[in-house]
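Note sheet for the following structure.
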Amino acid sequence: MLRIIVRRLLLSIPLLIVVSGITFILESFVPGDPARSLLGVNATPEQYDALRQSLHLDEPLVQQYWLYLQGLFHGDLGRSIFTNEEVVTTVAGRLPVTLSLVVGATLVATVVGVLFGVYSATRGRISRRIIDVVSLFGSALPNFWVALALIAIFAVALPLLPATGYVPFEDSPQLWLSSLVLPVVALAIGGVALIAKVTRDSMLSTLGLDYIRTLRASGVSRRSIIWRHALRNSGLAVSTTIGLTLINFVPGTIFAETIFVLPGLGSAVVTATNLHDIPVVQGIGLTFTLIVIIVNLLVDVAYGLLNPKVRSS
Amino acid sequence: MMKKSAAIAVLVLVSAFLLTGCSTGSGETGKGDDTLVVALPSAPISLDPSKAATGLYTNYVDTTYASLLNHDGIGKIEAGLADKWAYNSDNTELSVTLRSGLKWADGAPLTAADVVASIQYFAKGSGGTAPSLAKLTFSARGDSTVLIDSPTPNPILADLFTPEYLAGAVISPAGLKDPAKLAEATFGAGPYVYDAKQSVSGDHYVYTPNKNYYAQNAIHYKSITIKVIANTNSAVQALKSGQIDFMQGNADVAPTIKNNSNLKVLTEPSIWAGLYLLDRTGTVVPALADERVRQALNYAVDRVAITKAVYGAFGTPTDQAQVPGGDGYRTKETYSYNPAKAKKLLADAGYAQGFTIPVNYGSFDPDNTKLVQAVQAQLAAIGVKLELTAATNFGGWVNDLVSKKFAATVLSPGAGGDQFLQAQSTFLPGGIMNIFGASDSAVAAEAQVIAAASPQDHDAAARKMDQIVTEHALTLPISAVNTTLLYNSKVQGLVWRKGINVPTYVTAWTSK
């Protein structure tokens, strides 16, 4: 298990470099010029050239990328072209918001999805159909629309929760939690259907196995069979799905943070992309990649915990 | 049974925890009448005032950088950091005298030499006022008098040092020592200071009182927060739930607050929207050099229909590069909707078969996108094809503009303002929007008349300029667009200032 973890971590280094390179190339295709955005229409050709030179924008792409890599190897992600803030500071300040949203949405989607899946696998046909429709309905609705509907109902018509904004945990745990309810639900709703379906299919498959019949015949309670035995053995497929769902939620933070006005990485990367604030785009891209790497690692660890054969192999 | 009970207990506890955190749906702690929270659609490009955008975005600057002079409720000059100002007899010199005892936010004394250094920083930059400052010279006389000299008569020298034109937003020597720091901190003498610890760049900007501001009784709030809410629907929901006190609305969302007695709408025409006919020299599109062709374009568009479709009740058709109530605005219509006359003019000019105009615009502005597409459809009916190129961001639009590949453009969100300044920037050679360097002798002559006009003669000269610009069809205006502001009724002091077509800034408001 330790070997798996170390190997995965070592492999992540070239992956991060490849991702940063691809991000750099893709960003160069986005129309726009940060020097023009910063200077505006009134800039003289000399001012424009001077700024492009100071930002190394006049150099070939390969040279610009090499300069960036050099900084990266020294732990320097550069500074925002527009705010002059260190990218590390930007990322560090916004990461807790995005993580709160992503982890929260994953927890909600997991709990609701697994409950739906188990219920669907262990109840009659009608109940199963109802669960299917409800969870598919959730994934079919556009997240954007769901978010606005939640705000209209729970923040305006029934002023129970805040419409927008984020309160840091250290300022008030209570307000932190209430500021996350609506965005987490809006983000999670799309992940419930897939987790429910995989849980149900996996449970149905497990519940049909011989050892379950033996457990029933031995007098083990139905609740214990479902929650202790069958669900645990269905865990491999479910944990993979949960991992993929979490990864999908990461780009989903872009819409959630925009609608709910959360100061996270998703909203920052949209602004930075439009402005061509390359250091910020790169920094956030690398952070997102790191999150994906860590999630994949956690899924592998979960595999090992759920399946002893994986641990010993 | 125990596990089920435990689960229910956890659920009850979490719900109680959440619901006790809910007050009026506000996400922030204790928002009272001594705090003001406003929403703007985008963050400042930079906190550096020389790079700031104007209009509502001046609020990012005006909170921390007091200006030398201000505009009053009808657009006339009034005192700011300076309490005396005077032109010489031919409008070639403005002298401005600072109030006594002024200090920067860091406590250092504010002197005339500091002001000169600050203005020179603006003049050397690329901000909106730089072209207007380019030919001026600045000097200090003693500790408290600043002299601004112009080689030619200039009747708007004082206006250049108001918040609307930015150059008067004086920056302290501490800020000018390292201009890179101006992007992340503030170095002004305004009523508030920027609190970087409470702010998140790109999300919300918090301002707290400046204890060294010269008029402590003019500081009405313990804090002012400007939140960046790009999505208008999110902003209006935040307004309805009491999280914010003010936002910029549009024709779509303004009607949704009609039945809410706590909220008000302030809507006034502020800018004109339409096409800038840049290539009046005929470099890219020879046809545009002919006045008859440009007039034909003006006759070919149904301004009433387009304005209604794009802006609804929040726009007014206009064939002038000015808004109702603006400097030099005339009530006389010059171009009625007359496609037959448009075709005749094109035929007279030798373009009966039509021609193509490459146009760039910013697709980041949905209203201007709809506008230019509507104009495209109507001009197609007389054989004029608009080849539209969209820029997805402002930098891209600027790049396209200065490339000289496009014969016309749409400025987002629009334009307007003082006739003299508009002539300088748009119609006279050297103007930033006069990309191809076109000239018009009548405009140049009238610009000199306005420059030398006394205050009593200004209005007549401005109307004459407006008439020349319209009759020579230097632009293709379509609509005078309203700025629509939605706000909490407890906010006082939010007033529309006619003449300069902007509202008062947050520093002038109070909350009852």
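Starting from 1 in every chain, residues are counted up; chains themselves are A, B, ... following the order of the structure tokens, and ligands are numbered from 1 as listed.
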DSSP strand (DSSP E or B) residues within stretch 291-437 of chain B, as a PyMOL selection string: chain B and resi 315-317+355-362+384-391+408-409+415
Within 8 Å of chain B, which residues of chain A are there when counting only C-alpha atoms? Please give them as a ChimeraX atom specification. /A:31-44,47,82-85,93,148,151-152,155-156,159-167,174-175,177-179,258-263,268,274-275
What would the file look like if the residues just selected were written as a compact mmCIF listing (two decimals), in the first residue's frame with N, CA and C atoms?
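Result file follows (out_30.txt):
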```txt
# COMPACT_ATOMS: atom_id res chain seq x y z
N PRO A 31 -8.28 34.42 -27.33
CA PRO A 31 -8.05 35.76 -27.88
C PRO A 31 -7.90 36.79 -26.76
N GLY A 32 -7.12 37.79 -27.01
CA GLY A 32 -6.97 38.85 -26.01
C GLY A 32 -5.51 39.06 -25.68
N ASP A 33 -5.25 40.12 -25.01
CA ASP A 33 -3.88 40.52 -24.71
C ASP A 33 -3.89 41.17 -23.34
N PRO A 34 -3.21 40.60 -22.35
CA PRO A 34 -3.26 41.19 -21.02
C PRO A 34 -2.68 42.61 -20.98
N ALA A 35 -1.69 42.86 -21.84
CA ALA A 35 -1.10 44.20 -21.86
C ALA A 35 -2.15 45.22 -22.31
N ARG A 36 -2.93 44.85 -23.32
CA ARG A 36 -3.98 45.76 -23.80
C ARG A 36 -5.04 45.94 -22.73
N SER A 37 -5.42 44.84 -22.07
CA SER A 37 -6.46 44.92 -21.03
C SER A 37 -6.00 45.85 -19.92
N LEU A 38 -4.71 45.76 -19.59
CA LEU A 38 -4.19 46.56 -18.47
C LEU A 38 -4.03 48.02 -18.86
N LEU A 39 -3.54 48.26 -20.07
CA LEU A 39 -3.23 49.64 -20.46
C LEU A 39 -4.43 50.37 -21.04
N GLY A 40 -5.33 49.64 -21.69
CA GLY A 40 -6.49 50.30 -22.28
C GLY A 40 -6.19 50.85 -23.65
N VAL A 41 -7.14 51.64 -24.15
CA VAL A 41 -7.07 52.15 -25.52
C VAL A 41 -6.02 53.24 -25.66
N ASN A 42 -5.73 53.94 -24.58
CA ASN A 42 -4.89 55.13 -24.69
C ASN A 42 -3.39 54.87 -24.75
N ALA A 43 -3.00 53.62 -24.59
CA ALA A 43 -1.57 53.35 -24.50
C ALA A 43 -0.86 53.70 -25.80
N THR A 44 0.30 54.30 -25.67
CA THR A 44 1.12 54.56 -26.84
C THR A 44 1.80 53.25 -27.24
N GLN A 47 4.49 52.43 -24.76
CA GLN A 47 4.03 51.91 -23.46
C GLN A 47 3.63 50.44 -23.60
N PHE A 82 -2.45 41.62 -13.10
CA PHE A 82 -3.35 42.75 -12.85
C PHE A 82 -3.33 43.23 -11.41
N THR A 83 -3.35 42.30 -10.46
CA THR A 83 -3.41 42.73 -9.07
C THR A 83 -2.05 42.72 -8.39
N ASN A 84 -1.06 42.16 -9.06
CA ASN A 84 0.30 42.03 -8.52
C ASN A 84 0.36 41.12 -7.29
N GLU A 85 -0.73 40.46 -6.98
CA GLU A 85 -0.76 39.55 -5.83
C GLU A 85 -0.05 38.25 -6.21
N GLY A 93 -5.69 31.57 -0.47
CA GLY A 93 -6.86 32.26 0.08
C GLY A 93 -8.16 31.68 -0.42
N LEU A 148 -30.40 29.02 -9.13
CA LEU A 148 -31.23 30.23 -9.06
C LEU A 148 -32.56 29.93 -8.38
N ILE A 151 -32.04 29.77 -4.63
CA ILE A 151 -31.90 31.12 -4.06
C ILE A 151 -33.27 31.77 -3.95
N ALA A 152 -34.05 31.67 -5.02
CA ALA A 152 -35.36 32.33 -5.03
C ALA A 152 -36.26 31.81 -3.91
N ALA A 155 -33.75 31.79 -0.05
CA ALA A 155 -33.06 32.99 0.39
C ALA A 155 -33.94 34.23 0.26
N VAL A 156 -34.88 34.18 -0.69
CA VAL A 156 -35.71 35.36 -0.93
C VAL A 156 -37.14 35.13 -0.41
N PRO A 159 -36.70 33.54 3.71
CA PRO A 159 -35.30 33.97 3.98
C PRO A 159 -34.63 33.13 5.08
N LEU A 160 -34.31 31.91 4.70
CA LEU A 160 -33.70 31.00 5.67
C LEU A 160 -32.18 30.96 5.54
N LEU A 161 -31.72 31.16 4.31
CA LEU A 161 -30.29 30.98 4.05
C LEU A 161 -29.81 32.15 3.18
N PRO A 162 -28.52 32.42 3.21
CA PRO A 162 -28.02 33.56 2.42
C PRO A 162 -28.06 33.28 0.92
N ALA A 163 -28.35 34.33 0.16
CA ALA A 163 -28.42 34.18 -1.30
C ALA A 163 -27.04 34.06 -1.91
N THR A 164 -26.12 34.81 -1.39
CA THR A 164 -24.77 34.82 -1.97
C THR A 164 -23.76 34.99 -0.84
N GLY A 165 -22.52 34.84 -1.19
CA GLY A 165 -21.44 35.17 -0.26
C GLY A 165 -20.95 33.97 0.53
N TYR A 166 -19.80 34.17 1.12
CA TYR A 166 -19.13 33.11 1.89
C TYR A 166 -18.58 33.72 3.17
N VAL A 167 -18.79 33.00 4.26
CA VAL A 167 -18.22 33.44 5.54
C VAL A 167 -17.15 32.42 5.93
N GLN A 174 -21.01 28.73 12.20
CA GLN A 174 -22.45 28.65 11.91
C GLN A 174 -22.76 29.30 10.56
N LEU A 175 -22.27 30.52 10.39
CA LEU A 175 -22.54 31.24 9.14
C LEU A 175 -21.78 30.61 7.98
N LEU A 177 -21.31 27.42 7.60
CA LEU A 177 -22.14 26.29 7.18
C LEU A 177 -23.38 26.77 6.42
N SER A 178 -24.03 27.81 6.94
CA SER A 178 -25.26 28.25 6.27
C SER A 178 -24.95 28.86 4.90
N SER A 179 -23.75 29.45 4.74
CA SER A 179 -23.40 30.03 3.44
C SER A 179 -23.11 28.95 2.41
N THR A 258 -19.81 31.30 -9.24
CA THR A 258 -20.28 32.49 -9.95
C THR A 258 -21.68 32.86 -9.48
N ILE A 259 -22.57 31.90 -9.44
CA ILE A 259 -23.95 32.19 -9.05
C ILE A 259 -24.04 32.60 -7.59
N PHE A 260 -23.34 31.90 -6.72
CA PHE A 260 -23.45 32.17 -5.29
C PHE A 260 -22.40 33.16 -4.79
N VAL A 261 -21.62 33.68 -5.72
CA VAL A 261 -20.60 34.70 -5.42
C VAL A 261 -19.69 34.22 -4.29
N LEU A 262 -19.06 33.11 -4.54
CA LEU A 262 -18.12 32.56 -3.56
C LEU A 262 -16.70 32.85 -4.04
N PRO A 263 -15.84 33.33 -3.16
CA PRO A 263 -14.48 33.69 -3.57
C PRO A 263 -13.57 32.48 -3.65
N ALA A 268 -12.31 32.57 -9.74
CA ALA A 268 -11.04 33.26 -10.04
C ALA A 268 -10.50 32.83 -11.40
N ASN A 274 -10.44 35.18 -18.83
CA ASN A 274 -10.93 36.27 -19.67
C ASN A 274 -9.92 37.41 -19.79
N LEU A 275 -9.21 37.65 -18.68
CA LEU A 275 -8.24 38.75 -18.69
C LEU A 275 -6.89 38.31 -19.25
```
For stretch 65-74 of chain A: contacts at 12 Å, only C-alpha atoms, fewer than 5 positions along chain excluded, given as a list in words: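 Close residues of stretch 65-74 of chain A: Ile13, Leu16, Ile17, Val18, Val19, Ser20, Gly21, Ile22, Thr23, Phe24, Ile25, Glu27, Ser28, Leu55, His56, Leu57, Glu59, Pro60, Arg79, Val87, Val88, Ile278, Pro279, Val280, Gln282, Gly283 and Leu286 of chain A.
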For stretch 379-388 of chain B, work out the shell of residues within 8 Å, counting only C-alpha atoms and skipping chain neighbours fewer than 3 positions away, then give it as a list of chain:residue names.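 Residues meeting the cut-off are B:Leu297, B:Ala300, B:Val301, B:Pro339, B:Ala342, B:Lys343, B:Ala352, B:Gln353, B:Gly354, B:Phe355, B:Thr356, B:Ile357, B:Pro358, B:Val359, B:Asn360, B:Tyr361, B:Val375, B:Gln376.
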Shell of 8 Å around B:Leu102, only C-alpha atoms, local chain residues under 6 positions omitted, as an NGL selection string: :B and (81 or 109-111 or 213-214)
For B:Glu333, please output as an MDAnalysis selection string all residues within 9 Å (counting only C-alpha atoms; exclusion window: fewer than 3 positions along the same chain). chainID B and resid 318:320 330 336
Could you list, as a list in words, every residue within 12 Å of B:Lys264, counting only C-alpha atoms and ignoring same-chain residues fewer than 3 positions away?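 The residues satisfying every condition are Val236, Leu239, Lys240, Asp245, Phe246, Met247, Gln248, Gly249, Ala254, Pro255, Thr256, Ile257, Lys258, Asn259, Asn260, Ser261, Thr267, Thr484, Leu485, Leu486, Tyr487, Asn488, Ser489, Lys490, Val491, Gln492 and Leu494 of chain B.
Straight-line separation from atom CA of B:Pro477 to atom CA of B:Val323: 10.1 Å.
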